[in-house]
Structures are given as C-alpha cells and as structure tokens.
Protein chains: 2
Amino acid sequence: MKIGELAKRSGQTQSRIRFYERIGLLKLVDRRSNGYRTYPPEALVVLNLIDTAQSAGFTLDEIRQMVPSDLDEWKHDGLLDALRAKVAEIAALEAKLKNSKAQIKRLIAEIEAKPDDMDCKDNARRIMANMLVETTR
Amino acid sequence: MKIGELAKRSGQTQSRIRFYERIGLLKLVDRRSNGYRTYPPEALVVLNLIDTAQSAGFTLDEIRQMVPSDLDEWKHDGLLDALRAKVAEIAALEAKLKNSKAQIKRLIAEIEAKPDDMDCKDNARRIMANMLVETTR
DNA sequence: CTTGACCCTAAACTTAGCTTAAAGGTTATG
DNA sequence: CATAACCTTTAAGCTAAGTTTAGGGTCAAG
C-alpha cells in the first residue's frame, strides 16, 4: 500500500511515518520506480507496536531497541526467540504501567482518606504533612 | 531553606527548581533581603508531587492545573478527576497489552506444537497474517 | 491536456522541559 | 581581607518528537 493508505489505516500522519523511517524505526518500506513508498501490510503491525510502546512511556530510542528492524528476521531461524522476546517486552511495558498506576492510586487513596469532619483546607494540610514525612524520610 | 538545600533534599537541580518557579509551577517561595530564594518545607512536598505526576505521564501544564499556587486552595476535585482519568487510561493500555501478550503466547504454543509437515516460510506467513488480524482489529 | 489528488525531498520550525553560560553579588571561614 | 562556596539574572542552547513549508514530480479522470 502507499503512504496515504497506511496513514489512514494506522491513524498516523504521513509526516510521522516518514519521520519514523528517517530515524530507522520503520524499515518495512520499498520504493516503486516512480519513487513512491510502498508498504507491506506488516507495516501496520509495526506502527501499532510503536504506538502502544510510546503510550506506555517508552522513548523512540528505547522502542528502536525492542522492535526488530526487519520482520523478515521473524520468518527464519529466531522466530520463537523473537516472539518470546516480544512477550518479555510486553511484560516490561506492563511493569512500567503498573508502577505508574500504583503511584497514582497511592495519591488518590491519600487524598480520599479524609475524615468527614475535616474540611478541604485541613485535609490538604494533612496530606501535605503526611507526604512531607514520607518524602523526607 | 535556601535553594541549594532544597535541591539536595529533593534530588532535583537548582536550575530545574528555578525553572518551575518561572513557569508558575512552584510558587511556594519567598525572597530574603539579599535576593536569595527561601523555601518552606512544603516546597519539598510540591516538588515530589510534580515528580510523581510527571512520571505518571502528566505534562507540566496538566500538573499546573492540578496543583494550584496556594496549597490551601488545592483544587481537590479537579485533581481527583485527573488522577482517576489517568488510572483509567493506564488500565486500558494494560488491557491491550495483556491481550497482545496472550495472543503471542498462544502463537508460541502453536508453533511449538507444530508438526514438521509445514515449512518455515509458510508457517511464518501464517503467523504474520495472524498478528495482522490481531492488531488491526 | 489540464485539473486535482496524490506523492517526493530538504530544511526550517515548533513545543516541552530543561541545562549551560556569562557575568556578577553575598557570606562564612581561616 | 581573601577566597571558596554560596546565591542571582538573562539569554542562549539542547534533545525529543514531530510538523510545516517550499518547490516540485506523478497519475487518473474528464
């Protein structure tokens, strides 16, 4: 498919897709004789992977380490290894998210745990005092 | 405390602390007659809050909405809403990742249980087709 | 054979979130 | 009273992750 279609189907801009190619993140691309880029359907998979990893807080640099440059490599010897690696990568993503979520939930709990007889002002001060102890300990 | 101590105790650089002040994120600061900044202990809490929120994926702009200048007027409900929204967002991502991981694991099992009557190339094609369906669905 | 919807490149621009540099004032210590 | 270790400001610089712009080619339809 051409870049316009890939953009539409992936929900990403053409400039972004070209940018990913420029920085060596998306290598699944060929050229027609007229210079037009042409993508295999797998490019959609890779773009999706990048997107997911990014929204989980990985930088493009980190993602470049994780995403195999050439899906063709998957077609030969190390396919199982690649898949297992992918599972490990996903586990890493999950760990990162879990961490983030835990932090946020801790904050929420801290804020919600106000006794009813305490107004917002006092509550804020209590949380502050509490966190001060935590963070300076 | 002066900025050097705050920097040491918060683990952040002085330039960063000054930067936060410049963009209106850290207003808990006074000046001595000599021009030196002086901070109350609560500043440490605020810096910690900023740090936590940031590592949870909030931008400084979002954080400024949540943590207003005056701690006594903490926008309690806005903060809670923002935090809950973030948790939901993370949960969605986690679900997506969990799904992907399960699919890949299934594929691994499939490949491992594969009799040798199918050559590597065909097997690979089948797998890619499988992932393509997963990710575009 | 022209018009509009595509595609191309290179380079400049943007935003967020800082850091570094330059040039100087303040203060504690021997 | 020198000197090191603090503090100040303003302005420029940097990295990441793209977007925008300028100036063109390509292609299908009428």
# chains A, B, ... in the order shown; residues from 1 in each chain; ligands from 1
>>> interface_residues(of="chain A", to="chain D", cutoff="8 Å", atoms="only C-alpha atoms (C1' of nucleotides)", output="list in words")
Ser15, Arg16, Phe19 and Asn34 of chain A
>>> residues_around(residues="Val67 (chain A)", least_positions_apart="4", cutoff="8 Å", atoms="only C-alpha atoms (C1' of nucleotides)", output="PyMOL selection string")
chain A and resi 25+46+49-50+63
>>> write_last_selection(atoms="C-alpha atoms", output="PDB file, in the first residue's frame")
ATOM      1  CA  LEU A  25      12.297   2.900  13.225  1.00  0.00           C
ATOM      2  CA  VAL A  46       4.867  -2.200  13.408  1.00  0.00           C
ATOM      3  CA  LEU A  49       3.543  -1.611  18.163  1.00  0.00           C
ATOM      4  CA  ILE A  50       5.337   1.725  18.190  1.00  0.00           C
ATOM      5  CA  ILE A  63      11.467   1.295  21.037  1.00  0.00           C
TER       6      ILE A  63
END
>>> interface_residues(of="chain C", to="chain B", cutoff="8 Å", atoms="only C-alpha atoms (C1' of nucleotides)", output="PyMOL selection string")
chain C and resi 18-19+26
>>> write_last_selection(atoms="C-alpha atoms (C1' of nucleotides)", output="tab-separated table (two decimals), in the first residue's frame")
chain	number	residue	atom	x	y	z
C	18	DC	C1'	15.01	21.51	30.85
C	19	DT	C1'	20.60	22.86	31.08
C	26	DT	C1'	26.73	37.57	49.17
>>> residues_around(residues="Val29 (chain B)", least_positions_apart="2", cutoff="8 Å", atoms="only C-alpha atoms (C1' of nucleotides)", output="PyMOL selection string")
chain B and resi 26-27+31+37-40+43
>>> atom_distance(atom1="CA of Glu94 (chain A)", atom2="CA of Lys105 (chain B)")
15.3 Å
>>> residues_around(residues="region 52-56 of chain B", least_positions_apart="4", cutoff="8 Å", atoms="only C-alpha atoms (C1' of nucleotides)", output="MDAnalysis selection string")
(chainID A and resid 100:101 103:104) or (chainID B and resid 48 60 63)
>>> atom_distance(atom1="CA of Leu80 (chain B)", atom2="CA of Ile108 (chain A)")
6.5 Å
>>> atom_distance(atom1="CA of Leu97 (chain B)", atom2="CA of Ala91 (chain A)")
8.4 Å
>>> residues_around(residues="Arg9 (chain B)", least_positions_apart="2", cutoff="12 Å", atoms="only C-alpha atoms (C1' of nucleotides)", output="list of chain:residue names")
A:Leu132, A:Thr135, A:Thr136, A:Arg137, B:Met1, B:Lys2, B:Ile3, B:Gly4, B:Glu5, B:Leu6, B:Ala7, B:Gly11, B:Gln12, B:Thr13, B:Gln14, B:Ile17, B:Tyr39, B:Pro41, B:Glu42, B:Ala43, B:Leu44, B:Val45, B:Leu47, B:Asn48
